[in-house]
Structures are given as C-alpha cells and as structure tokens.
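See below for run-v1.cif, which holds mmCIF, C-alpha atoms.
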data_my_file
#
loop_
_atom_site.label_atom_id
_atom_site.label_comp_id
_atom_site.auth_asym_id
_atom_site.auth_seq_id
_atom_site.Cartn_x
_atom_site.Cartn_y
_atom_site.Cartn_z
CA MET E 1 74.45 97.78 65.55
CA PHE E 2 75.76 95.39 68.19
CA SER E 3 74.81 91.88 67.15
CA ILE E 4 74.11 88.74 69.15
CA LEU E 5 76.97 86.85 67.49
CA ARG E 6 79.44 89.54 68.50
CA CYS E 7 77.97 89.56 71.99
CA LEU E 8 78.44 85.81 72.38
CA SER E 9 81.98 85.93 71.04
CA TRP E 10 82.97 88.45 73.68
CA VAL E 11 81.51 86.57 76.66
CA ALA E 12 84.61 84.45 77.19
CA LEU E 13 86.94 87.43 76.89
CA VAL E 14 84.92 89.56 79.31
CA CYS E 15 84.71 86.75 81.86
CA SER E 16 88.45 86.13 81.62
CA ALA E 17 89.25 89.82 81.88
CA ALA E 18 87.06 90.17 84.96
CA SER E 19 89.27 87.68 86.78
CA PHE E 20 92.35 89.81 86.23
CA ALA E 21 91.31 93.11 87.79
CA SER E 22 93.99 95.26 89.38
CA PRO E 23 95.51 93.88 92.61
CA SER E 24 94.13 96.81 94.62
CA ALA E 25 90.61 96.16 93.38
CA GLN E 26 90.92 92.48 94.28
CA ALA E 27 92.15 93.37 97.76
CA ASP E 28 89.40 95.94 98.40
CA GLU E 29 86.44 93.89 97.27
CA PRO E 30 86.44 91.18 99.98
CA LEU E 31 86.79 93.81 102.74
CA ALA E 32 84.05 95.99 101.25
CA GLN E 33 81.77 92.99 100.90
CA GLN E 34 82.42 91.91 104.50
CA VAL E 35 81.62 95.38 105.81
CA ARG E 36 78.51 95.59 103.63
CA SER E 37 77.26 92.31 105.12
CA LEU E 38 78.12 93.50 108.63
CA LEU E 39 76.28 96.80 108.18
CA SER E 40 73.33 94.96 106.68
CA ASN E 41 73.03 92.58 109.62
CA ARG E 42 73.63 95.10 112.41
CA CYS E 43 72.69 98.55 111.07
CA PHE E 44 70.33 98.52 108.10
CA ALA E 45 67.21 97.85 110.19
CA CYS E 46 67.38 101.48 111.38
CA HIS E 47 69.82 103.02 108.92
CA GLY E 48 69.08 101.28 105.64
CA PRO E 49 66.96 101.80 102.54
CA ASP E 50 63.58 101.71 104.29
CA GLU E 51 62.57 105.37 104.71
CA GLU E 52 59.83 104.60 107.22
CA GLU E 53 62.18 102.73 109.56
CA ARG E 54 65.21 104.99 109.10
CA GLN E 55 66.44 106.73 112.26
CA ALA E 56 68.34 110.01 112.76
CA GLY E 57 68.47 110.70 109.03
CA LEU E 58 71.35 108.23 108.76
CA ARG E 59 71.57 105.92 105.77
CA LEU E 60 74.44 103.43 105.58
CA ASP E 61 73.50 101.47 102.48
CA GLU E 62 74.57 104.29 100.13
CA ARG E 63 78.09 105.69 100.19
CA SER E 64 77.06 109.22 99.26
CA ALA E 65 74.59 109.28 102.17
CA MET E 66 77.04 108.02 104.78
CA LEU E 67 79.66 110.58 103.73
CA GLY E 68 77.25 113.48 104.27
CA GLU E 69 75.93 114.91 107.51
CA ALA E 70 73.34 113.08 109.59
CA ASP E 71 70.63 114.87 111.57
CA SER E 72 73.17 115.33 114.37
CA GLY E 73 75.36 117.42 112.07
CA MET E 74 78.14 114.83 112.31
CA ARG E 75 79.66 112.95 109.38
CA PRO E 76 79.11 109.22 109.90
CA VAL E 77 82.10 108.23 107.79
CA VAL E 78 85.20 110.23 106.89
CA PRO E 79 87.17 108.15 104.36
CA GLY E 80 90.74 107.59 105.51
CA ASP E 81 90.10 108.96 109.02
CA PRO E 82 88.47 106.44 111.40
CA GLU E 83 88.87 108.72 114.44
CA ALA E 84 86.85 111.49 112.76
CA SER E 85 84.09 109.08 111.75
CA GLU E 86 81.01 109.29 113.97
CA LEU E 87 80.05 105.75 112.98
CA LEU E 88 83.15 104.27 114.59
CA ARG E 89 82.92 106.55 117.63
CA ARG E 90 79.37 105.43 118.35
CA ILE E 91 80.25 101.78 117.86
CA VAL E 92 83.12 101.85 120.40
CA SER E 93 81.46 104.28 122.83
CA GLY E 94 81.38 103.24 126.49
CA ASP E 95 78.19 105.21 127.02
CA GLU E 96 75.31 102.77 126.59
CA SER E 97 72.93 105.63 125.78
CA GLU E 98 74.79 106.43 122.55
CA ARG E 99 76.56 103.20 121.67
CA MET E 100 75.45 101.52 118.47
CA PRO E 101 73.77 99.21 117.97
CA PRO E 102 71.51 99.94 120.96
CA LEU E 103 71.12 97.30 123.65
CA ASP E 104 67.52 96.57 122.73
CA PHE E 105 68.63 95.73 119.20
CA GLY E 106 71.54 93.44 120.02
CA PRO E 107 74.92 93.05 121.69
CA PRO E 108 77.83 95.39 120.94
CA LEU E 109 80.05 94.58 118.00
CA PRO E 110 82.95 92.27 118.90
CA PRO E 111 86.51 93.63 118.57
CA ALA E 112 87.12 91.73 115.32
CA GLU E 113 84.16 93.43 113.62
CA ILE E 114 85.16 96.84 114.99
CA ASP E 115 88.67 96.37 113.59
CA LEU E 116 87.11 95.41 110.26
CA ILE E 117 85.16 98.68 110.11
CA ARG E 118 88.21 100.67 111.19
CA GLN E 119 90.32 99.09 108.45
CA TRP E 120 87.55 99.70 105.93
CA ILE E 121 87.38 103.42 106.77
CA GLU E 122 91.17 103.70 106.61
CA GLN E 123 91.13 102.24 103.09
CA GLY E 124 88.55 104.73 101.82
CA ALA E 125 85.19 103.31 102.99
CA LYS E 126 84.17 101.99 99.58
CA LEU E 127 81.04 99.90 99.16
CA PRO E 128 80.80 97.07 96.63
CA GLN E 129 78.65 97.67 93.58
CA HIS E 130 76.28 95.10 92.21
CA TRP E 131 78.06 93.57 89.22
CA SER E 132 75.20 94.41 86.85
CA PHE E 133 75.58 98.13 87.63
CA VAL E 134 79.31 98.23 86.89
CA VAL E 135 80.18 99.53 83.43
CA PRO E 136 82.37 96.91 81.70
CA GLN E 137 85.88 98.12 80.99
CA ARG E 138 88.58 96.56 78.89
CA SER E 139 91.28 95.23 81.18
CA ALA E 140 94.95 95.70 80.44
CA LEU E 141 96.54 92.63 78.91
CA PRO E 142 98.55 90.72 81.52
CA GLN E 143 102.26 90.20 80.90
CA PRO E 144 102.75 86.67 82.20
CA PRO E 145 106.33 85.51 82.76
CA GLN E 146 107.62 82.71 80.56
CA ALA E 147 105.28 83.84 77.77
CA ARG E 148 108.24 84.08 75.42
CA ASP E 149 108.81 80.35 75.94
CA PHE E 150 105.45 79.64 74.33
CA PRO E 151 105.11 81.87 71.24
CA GLN E 152 101.88 80.12 70.24
CA TRP E 153 100.27 81.81 73.24
CA GLN E 154 100.68 85.22 71.66
CA THR E 155 98.22 84.71 68.80
CA HIS E 156 95.19 86.19 70.56
CA PRO E 157 94.65 88.54 73.55
CA VAL E 158 92.61 85.86 75.34
CA ASP E 159 95.69 83.63 75.29
CA ARG E 160 97.50 86.10 77.52
CA PHE E 161 94.83 85.83 80.20
CA VAL E 162 94.84 82.05 80.03
CA ARG E 163 98.64 81.91 80.21
CA ALA E 164 98.71 84.27 83.19
CA ARG E 165 96.32 82.00 85.08
CA GLN E 166 98.39 78.95 84.16
CA VAL E 167 101.51 80.61 85.56
CA GLU E 168 99.59 81.50 88.72
CA HIS E 169 98.74 77.83 89.28
CA GLY E 170 102.06 76.43 88.09
CA LEU E 171 100.60 74.82 84.99
CA GLN E 172 102.25 74.30 81.63
CA PRO E 173 100.39 74.79 78.34
CA SER E 174 99.22 71.76 76.43
CA GLY E 175 100.67 71.09 73.04
CA GLU E 176 98.99 72.42 69.92
CA ALA E 177 95.78 70.54 69.18
CA SER E 178 95.49 68.36 66.11
CA ARG E 179 93.14 69.36 63.33
CA ALA E 180 90.61 66.76 64.51
CA GLU E 181 90.77 67.96 68.12
CA LEU E 182 90.51 71.59 67.08
CA LEU E 183 87.43 71.01 64.94
CA ARG E 184 85.79 68.94 67.66
CA ARG E 185 86.27 71.71 70.22
CA LEU E 186 85.07 74.36 67.79
CA SER E 187 82.02 72.38 66.78
CA LEU E 188 80.99 71.60 70.35
CA ASP E 189 81.43 75.24 71.33
CA LEU E 190 79.41 76.72 68.47
CA ILE E 191 76.70 74.17 67.70
CA GLY E 192 76.87 71.73 70.61
CA LEU E 193 77.46 68.76 68.28
CA PRO E 194 80.64 66.86 67.39
CA PRO E 195 81.83 67.05 63.78
CA THR E 196 81.09 64.21 61.40
CA PRO E 197 83.96 62.02 60.14
CA ALA E 198 83.56 63.62 56.71
CA GLU E 199 83.88 67.13 58.19
CA VAL E 200 87.01 66.13 60.10
CA ALA E 201 88.54 64.60 56.97
CA HIS E 202 87.76 67.71 54.93
CA PHE E 203 89.28 70.07 57.51
CA THR E 204 92.36 67.89 57.95
CA ALA E 205 92.99 67.93 54.20
CA ASP E 206 92.35 71.68 53.83
CA THR E 207 95.75 73.39 53.52
CA ARG E 208 94.44 76.89 52.87
CA PRO E 209 95.69 79.50 55.38
CA ASP E 210 92.13 80.46 56.32
CA ALA E 211 90.91 76.88 56.74
CA TYR E 212 90.05 77.43 60.41
CA GLU E 213 88.17 80.66 59.72
CA ARG E 214 86.18 78.86 57.03
CA GLN E 215 85.10 76.28 59.60
CA VAL E 216 84.04 79.04 61.99
CA ASP E 217 81.93 80.64 59.25
CA ARG E 218 80.41 77.28 58.32
CA LEU E 219 79.37 76.55 61.89
CA LEU E 220 78.01 80.05 62.47
CA ALA E 221 75.89 79.63 59.34
CA SER E 222 74.56 76.26 60.51
CA PRO E 223 70.94 76.13 61.79
CA ALA E 224 72.37 74.15 64.70
CA PHE E 225 74.12 77.30 65.93
CA GLY E 226 70.81 78.96 66.76
CA GLU E 227 69.41 75.73 68.19
CA HIS E 228 72.41 75.31 70.50
CA TRP E 229 72.58 78.85 71.82
CA ALA E 230 68.80 79.25 71.97
CA ARG E 231 68.70 76.57 74.67
CA LYS E 232 70.61 78.88 76.98
CA TRP E 233 68.25 81.79 76.37
CA LEU E 234 65.15 79.59 76.63
CA ASP E 235 66.30 78.52 80.09
CA LEU E 236 66.41 82.18 81.12
CA ALA E 237 62.99 82.75 79.56
CA ARG E 238 61.66 79.71 81.56
CA TYR E 239 60.43 78.12 78.31
CA ALA E 240 58.56 74.83 78.56
CA ASP E 241 56.19 72.84 76.38
CA SER E 242 53.84 72.34 79.32
CA ALA E 243 51.99 74.64 81.71
CA GLY E 244 53.43 73.35 85.00
CA TYR E 245 51.59 72.69 88.27
CA ALA E 246 49.33 69.70 89.00
CA ASP E 247 48.70 67.63 85.86
CA ASP E 248 51.18 69.76 83.87
CA PRO E 249 49.14 69.92 80.62
CA SER E 250 50.80 70.56 77.30
CA ARG E 251 50.87 74.04 75.82
CA THR E 252 51.50 75.16 72.25
CA ILE E 253 54.21 77.78 72.48
CA TRP E 254 56.87 76.28 70.25
CA ALA E 255 56.61 79.28 67.90
CA TYR E 256 58.43 81.37 70.51
CA ARG E 257 61.17 78.76 70.69
CA ASP E 258 61.55 78.90 66.92
CA TRP E 259 61.59 82.71 67.03
CA VAL E 260 64.57 82.67 69.40
CA ILE E 261 66.40 80.15 67.21
CA ASN E 262 65.77 82.20 64.07
CA ALA E 263 66.76 85.45 65.82
CA LEU E 264 70.15 83.97 66.64
CA ASN E 265 70.64 82.47 63.21
CA ASP E 266 69.58 85.72 61.54
CA ASN E 267 72.02 87.67 63.74
CA LEU E 268 69.27 89.95 65.05
CA SER E 269 70.68 92.91 66.94
CA VAL E 270 70.61 92.73 70.74
CA ALA E 271 68.52 95.91 70.81
CA GLN E 272 65.83 94.48 68.54
CA PHE E 273 66.04 91.10 70.28
CA THR E 274 65.23 92.93 73.52
CA VAL E 275 62.48 95.24 72.25
CA ASP E 276 60.61 92.51 70.38
CA GLN E 277 60.40 90.28 73.45
CA ILE E 278 59.62 92.91 76.07
CA ALA E 279 57.18 95.03 74.07
CA GLY E 280 56.89 93.75 70.51
CA ASP E 281 53.11 94.08 70.62
CA LEU E 282 53.41 97.79 71.47
CA LEU E 283 55.40 98.64 68.35
CA PRO E 284 53.56 100.52 65.59
CA GLN E 285 52.08 97.93 63.22
CA PRO E 286 53.94 94.95 64.73
CA THR E 287 54.62 91.98 62.53
CA THR E 288 53.34 88.53 63.39
CA GLN E 289 56.85 87.52 64.43
CA GLN E 290 57.13 90.49 66.78
CA LEU E 291 53.89 89.38 68.40
CA VAL E 292 55.32 85.87 68.71
CA ALA E 293 58.41 87.30 70.41
CA THR E 294 56.30 88.71 73.25
CA ALA E 295 55.52 85.13 74.23
CA PHE E 296 58.55 85.65 76.47
CA HIS E 297 55.90 86.91 78.90
CA ARG E 298 53.62 83.90 78.33
CA ASN E 299 56.14 81.37 79.59
CA THR E 300 54.67 81.66 83.08
CA LEU E 301 53.14 78.64 84.76
CA THR E 302 49.38 78.18 84.48
CA ASN E 303 47.48 76.47 87.29
CA ASN E 304 44.19 75.18 85.95
CA GLU E 305 43.62 72.59 88.65
CA GLY E 306 40.03 72.51 89.90
CA GLY E 307 39.38 74.66 92.95
CA THR E 308 42.20 77.13 92.39
CA ASN E 309 41.62 80.86 92.36
CA ASP E 310 42.18 82.21 88.86
CA GLU E 311 42.82 85.77 90.04
CA GLU E 312 45.42 84.57 92.55
CA PHE E 313 47.41 82.72 89.92
CA ARG E 314 47.00 85.53 87.41
CA ASN E 315 48.79 87.73 89.92
CA VAL E 316 51.41 85.02 90.43
CA ALA E 317 52.04 85.16 86.68
CA VAL E 318 52.44 88.95 86.76
CA VAL E 319 54.93 88.66 89.63
CA ASP E 320 56.86 86.08 87.62
CA ARG E 321 57.02 88.45 84.64
CA VAL E 322 58.42 91.26 86.75
CA ASN E 323 61.02 89.07 88.43
CA THR E 324 62.09 87.28 85.25
CA THR E 325 62.32 90.44 83.13
CA MET E 326 64.51 92.17 85.73
CA ALA E 327 66.68 89.10 86.30
CA VAL E 328 67.26 88.48 82.59
CA TRP E 329 67.83 92.04 81.40
CA MET E 330 69.03 93.85 84.51
CA GLY E 331 70.84 91.03 86.30
CA VAL E 332 69.13 91.74 89.64
CA THR E 333 66.90 89.78 92.00
CA MET E 334 63.95 92.16 92.01
CA ALA E 335 61.84 89.58 93.87
CA CYS E 336 63.09 90.81 97.26
CA ALA E 337 61.27 94.12 96.79
CA GLN E 338 57.99 92.29 96.32
CA CYS E 339 57.56 92.14 100.10
CA HIS E 340 59.84 94.94 101.31
CA THR E 341 62.25 97.57 100.07
CA HIS E 342 65.34 95.77 98.76
CA LYS E 343 68.00 95.23 101.40
CA TYR E 344 70.96 95.67 99.05
CA ASP E 345 69.92 96.90 95.62
CA PRO E 346 68.40 100.35 94.93
CA PHE E 347 64.80 99.19 94.57
CA THR E 348 61.94 100.17 96.82
CA HIS E 349 58.77 98.26 97.58
CA GLU E 350 56.80 100.98 95.77
CA GLU E 351 59.00 100.76 92.66
CA TYR E 352 58.41 97.02 92.51
CA PHE E 353 54.67 97.53 92.18
CA GLN E 354 55.16 100.33 89.69
CA LEU E 355 56.77 97.70 87.48
CA PHE E 356 54.04 95.26 88.48
CA ALA E 357 51.44 97.73 87.19
CA ILE E 358 53.10 97.76 83.76
CA PHE E 359 52.72 93.99 83.42
CA ASN E 360 49.32 93.91 85.13
CA GLN E 361 47.49 94.69 81.90
CA THR E 362 47.45 91.28 80.25
CA GLN E 363 44.40 89.41 79.01
CA ASP E 364 45.39 85.92 80.14
CA GLU E 365 43.25 84.58 82.97
CA ASP E 366 45.01 81.37 84.05
CA ARG E 367 42.73 79.35 81.77
CA ARG E 368 43.22 75.83 80.53
CA ASP E 369 42.88 76.91 76.89
CA GLU E 370 45.80 79.37 77.38
CA SER E 371 43.77 82.14 75.74
CA PRO E 372 44.26 84.63 74.27
CA THR E 373 46.25 82.87 71.59
CA LEU E 374 47.74 83.85 68.25
CA GLU E 375 46.90 81.91 65.09
CA LEU E 376 49.96 81.17 63.00
CA TYR E 377 50.25 79.86 59.46
CA THR E 378 52.96 78.51 57.25
CA ASP E 379 53.70 80.51 54.12
CA ALA E 380 51.65 78.08 52.04
CA GLN E 381 48.76 78.20 54.51
CA ALA E 382 48.89 82.01 54.58
CA ARG E 383 48.64 82.15 50.79
CA GLU E 384 45.76 79.67 50.76
CA ARG E 385 44.01 81.60 53.54
CA GLU E 386 44.35 84.82 51.57
CA GLN E 387 42.81 83.13 48.54
CA TRP E 388 39.85 81.91 50.62
CA GLN E 389 39.42 85.39 52.11
CA THR E 390 39.24 86.82 48.59
CA ARG E 391 36.67 84.22 47.52
CA LEU E 392 34.68 84.86 50.68
CA GLN E 393 34.47 88.56 49.91
CA VAL E 394 33.15 87.79 46.43
CA ILE E 395 30.54 85.39 47.82
CA GLU E 396 29.41 87.84 50.51
CA LYS E 397 29.05 90.58 47.91
CA LEU E 398 27.04 88.21 45.76
CA LEU E 399 24.75 87.33 48.64
CA GLN E 400 24.00 90.98 49.21
CA GLN E 401 22.75 91.40 45.62
CA PRO E 402 19.15 90.25 44.85
CA THR E 403 18.85 87.55 42.18
CA PRO E 404 16.21 87.60 39.36
CA GLU E 405 14.22 84.96 41.27
CA ILE E 406 14.21 87.14 44.39
CA ARG E 407 13.13 90.17 42.38
CA GLU E 408 10.25 88.24 40.76
CA SER E 409 9.15 86.84 44.11
CA MET E 410 9.25 90.33 45.56
CA ARG E 411 7.13 91.69 42.70
CA ARG E 412 4.42 89.03 43.15
CA TRP E 413 4.33 89.64 46.90
CA GLU E 414 3.92 93.38 46.43
CA GLN E 415 1.22 92.75 43.85
CA ARG E 416 -0.79 90.58 46.24
CA LEU E 417 -0.60 93.25 48.88
CA SER E 418 -1.91 95.87 46.48
CA GLU E 419 -4.97 93.79 45.38
CA PRO E 420 -8.29 94.69 47.07
CA SER E 421 -9.45 92.07 49.50
#
Could you write out this structure as structure tokens?
Amino acid sequence: MFSILRCLSWVALVCSAASFASPSAQADEPLAQQVRSLLSNRCFACHGPDEEERQAGLRLDERSAMLGEADSGMRPVVPGDPEASELLRRIVSGDESERMPPLDFGPPLPPAEIDLIRQWIEQGAKLPQHWSFVVPQRSALPQPPQARDFPQWQTHPVDRFVRARQVEHGLQPSGEASRAELLRRLSLDLIGLPPTPAEVAHFTADTRPDAYERQVDRLLASPAFGEHWARKWLDLARYADSAGYADDPSRTIWAYRDWVINALNDNLSVAQFTVDQIAGDLLPQPTTQQLVATAFHRNTLTNNEGGTNDEEFRNVAVVDRVNTTMAVWMGVTMACAQCHTHKYDPFTHEEYFQLFAIFNQTQDEDRRDESPTLELYTDAQAREREQWQTRLQVIEKLLQQPTPEIRESMRRWEQRLSEPS
C-alpha cells in the first residue's frame, strides 16, 4: 500500500520532473491558456458551462463539445483547419447579424486576439487541463551537456534534473558538501531541526558505507519527523487551538493534531489517512482514533458572539467543509460553484449543493461549548475507568437486591395491612 513516507519522498522528484516536460508541451500550454482565458471572457457567458444561459447548443469550455456539431449543423472548431472552423468565421464576419460576439455583448475581437485563435486552431485547438486532473507520468531523464564533467551528479535521477536546470541558467554545481553540512540539510528537511553537535560528531566519525542511510532512517524514526510534516497538513486542515471570530475562544482539539502526527510517524497509508479523516465515523465499528481523525471537519470557525444567528454560521461551517475537502483532496477551488456553475472546472451549481448535502448532517450547532464532543482518556485513565465501570455494575446489581432489613420491614408493613382495624 502506498505510504505517506513514500509519497513525501517523491514530491521533490515529481515537482522537478514537471518542470521538464517536452518542448512541444511547454510551447502549447501558454497559447492554450491564453485562448482559454479569451474564450472565458468573451464567449462563455453564452457558450459556457451554464446550461440555462447556453445559446445555439454551442459549448466552448469543453474540447469534445466544440469539435462536434452545433445546432446550426456546423463544426465550431476543426483542429488544424482555421478556415473550416465556424468559430473563426463568425468572429471575423463582416455581417453584424452573425458576427461574434454580438454587438450588445461587446466590441469585436481585436486583430491580435483573432490571430491568437487562428494560431490555436492551427496547432490543434487543445485546451489546458486543470493540473489536478492530469495523470502524473514519469518524465524522461534529461541528458544535460557537461554532465560527464561532474560525475557526482549521476548518483541519483533527481540530480539529472537539477543539473539540466543549472546548465539552462549557466550555473556551475557547488562542491560536495561536508559531513556537517550534509547532516544539517538532511535534518532540516526531515524534522525541521538542526542536528546537535553530538549528532554531527557521530556522523562525521562514522566511516561505514551506509552512514548516510543510517542517518536518514534515524531521522525518519524520530517523533520530530511527524511533528515537522504534520504542520504542513494541519495548515491545509485549517487547524487552530481557538475557534476564531470575535473573542476567539480556546477550543480543545489537540487530539486531532496528535492523530496527524502519529499517522505520519506510524507510516499510515495514504488511503487510510484519507478515509479516516473524511468518514472515519462511518466505518463499521470505528475506533476512538478513527473518530478523532474526523475532527478534520471540526476545524471550522465557530462564531459564538452574542446576537449572531446560529443557523447562519452552521451553514457557513458546512460550506467550509465542502470547500476545504475539495481543495485538499481534489486540488480544486470548489467554492466558485457555491454561487454559480464553475467557470473553468467541471462542477455545476447543483453538484456543489449535492456535496453540501453530504456534509449538512452534522450535530454541531455553532455553540460555545463546541458540542458534541468526544471524551478521550489516556491508557491509564481508560484502565481505571474500566475498573470503576465494573465496580459500578456490582453496586447497581447489589442495589437491586433486597436486604434482610428491607425484607423484615416489608413483612411488618404487610402484617399491619392485614390486621383488622
């Protein structure tokens, strides 16, 4: 199963590889993005994602739609053939009754923008994809010139990407780092703390061939690893030890913070890390820690200032859960669809509130006491609580059984009732 540690270790490589896409892809993307922005500003109002406002059955925000036939029977865009593309013909038309955009919407496109669309069609009329919808692919390793002059840059695939960028900017590699420098960089990267003098001295004196790997393992096993990397996740989860708004009262939600730290240190799989936070309470027989994980959704602000409308801010919290969940796990700004169908991404106004409905089933009511809450115990407290629960059961059972004194009292009372008055 894909683990969080492996995921973090690949972040740098993926980011580096993304910067070295093929030259053709780099050349196409700016043009496609420019045309997408142009179409959005001048065309999407009538030919975009909003079905109610769409005219002539023409949709220009999806490539598959613009390549098909519109209601007129014409193909708006014919990749590689601007002259056969109805879109371009209507844009440059001298007939005001058919020129697009219409006069009541705005002025005609200037020559520079028309040339941009023409060039875009000639190059295949591709539209940019949102980065979060693009399947990651392993890039080919670059073959930077002068690499043979620096053999130390051949020890890892990432080095090739770094060296290629150095060549691009006319930079020369730095010399090999000293043991102290290397450990400092490694320690700051993995746990966010510099090494102690004793750790530096130990690493410097370690002549074993796997000395560096041993340091990596030591730092990954350190509790500070989870503490360091949890900060980054907690920022995404909008974690805070206070409720926000007005007087910003304190809240007790540190157990969620500790859960994230422990999940990283325990190398919890990304899949389980996701499920536990999004829907840990919906799992069959969830553990206490899985319930704690769902506090991801309780990191919303709470406005308990006097005079505020609790229902209003309860809805604000639900909106925040929708937007944050989609931003963190899907990498999209779903918030746009809260008020209207998304202008760029494939989300409708209706779909937004379908997601809203999923989160609109919580019991929190924007209250100062932050209820409902979950009682948590240390291991020692849990054992002691279990012992008290056992004793309580014995006592309750005892109370339900009549004592000899109660029996005798009952007998005398019954006897008095049976005596003639």
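Of the listed residues (E:Met334, E:Ala84, E:Val35, E:Ala380), E:Val35 comes nearest to E:Pro128; the distances count only C-alpha atoms.
For the pair atom CA of E:Val270 and atom CA of E:Arg231, the interatomic distance is 16.7 Å.
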Practice item. Take the PyMOL selection byres ((chain E and resi 242-251) around 7), apply it to the structure above, and return the hits as a PyMOL selection string. Key: chain E and resi 240-241+252-253+301-303+305
Practice item. Rounded to one decimal place, report the atom CA of E:Pro284-atom CA of E:Tyr352 distance in Å. Key: 27.6 Å
Exercise for review: I need the residue set behind the PyMOL selection byres ((chain E and resi 360) around 12) for this file; please write it as a ChimeraX atom specification.
Suggested key: /E:297,311,314-322,353-359,361-365
What's around stretch 194-203 of chain E at 6 Å? Count only C-alpha atoms, leave out sequence neighbours fewer than 2 positions away in its own chain, and write the answer as a short mmCIF file (atom, residue, chain, number, x, y, z; two decimals) with C-alpha atoms, in the frame of the given file.
data_model
loop_
_atom_site.label_atom_id
_atom_site.label_comp_id
_atom_site.auth_asym_id
_atom_site.auth_seq_id
_atom_site.Cartn_x
_atom_site.Cartn_y
_atom_site.Cartn_z
CA ALA E 180 90.61 66.76 64.51
CA ARG E 184 85.79 68.94 67.66
CA SER E 187 82.02 72.38 66.78
CA LEU E 188 80.99 71.60 70.35
CA ALA E 205 92.99 67.93 54.20
CA ASP E 206 92.35 71.68 53.83
#
Check your understanding: Can you list, as an NGL selection string, the residues that the PyMOL selection byres ((chain E and resi 73-78) around 9) selects here?
Key -> :E and (58 or 60 or 63 or 65-72 or 79-88 or 121-122 or 124-125)
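Rounded to one decimal, atom CA of E:Leu186 and atom CA of E:Leu219 lie 8.5 Å from each other.
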Write out as a PDB file with C-alpha atoms, in the frame of the given file each polymer residue whose atoms come within 8 Å of stretch 40-50 of chain E, counting only C-alpha atoms; drop sequence neighbours fewer than 4 positions from it.
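Done, and the output landed in part07.pdb:
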ATOM      1  CA  ARG E  36      78.510  95.590 103.630  1.00  0.00           C
ATOM      2  CA  ARG E  54      65.210 104.990 109.100  1.00  0.00           C
ATOM      3  CA  GLN E  55      66.440 106.730 112.260  1.00  0.00           C
ATOM      4  CA  GLY E  57      68.470 110.700 109.030  1.00  0.00           C
ATOM      5  CA  LEU E  58      71.350 108.230 108.760  1.00  0.00           C
ATOM      6  CA  ARG E  59      71.570 105.920 105.770  1.00  0.00           C
ATOM      7  CA  LEU E  60      74.440 103.430 105.580  1.00  0.00           C
ATOM      8  CA  ASP E  61      73.500 101.470 102.480  1.00  0.00           C
ATOM      9  CA  PRO E 101      73.770  99.210 117.970  1.00  0.00           C
ATOM     10  CA  THR E 341      62.250  97.570 100.070  1.00  0.00           C
ATOM     11  CA  HIS E 342      65.340  95.770  98.760  1.00  0.00           C
ATOM     12  CA  LYS E 343      68.000  95.230 101.400  1.00  0.00           C
ATOM     13  CA  PRO E 346      68.400 100.350  94.930  1.00  0.00           C
ATOM     14  CA  THR E 348      61.940 100.170  96.820  1.00  0.00           C
TER      15      THR E 348
END
Practice item. Measuring atom to atom with only C-alpha atoms, identify which of E:Pro286, E:Pro108, E:Ile191, E:Leu141 is nearest to E:Gly94. Key: E:Pro108
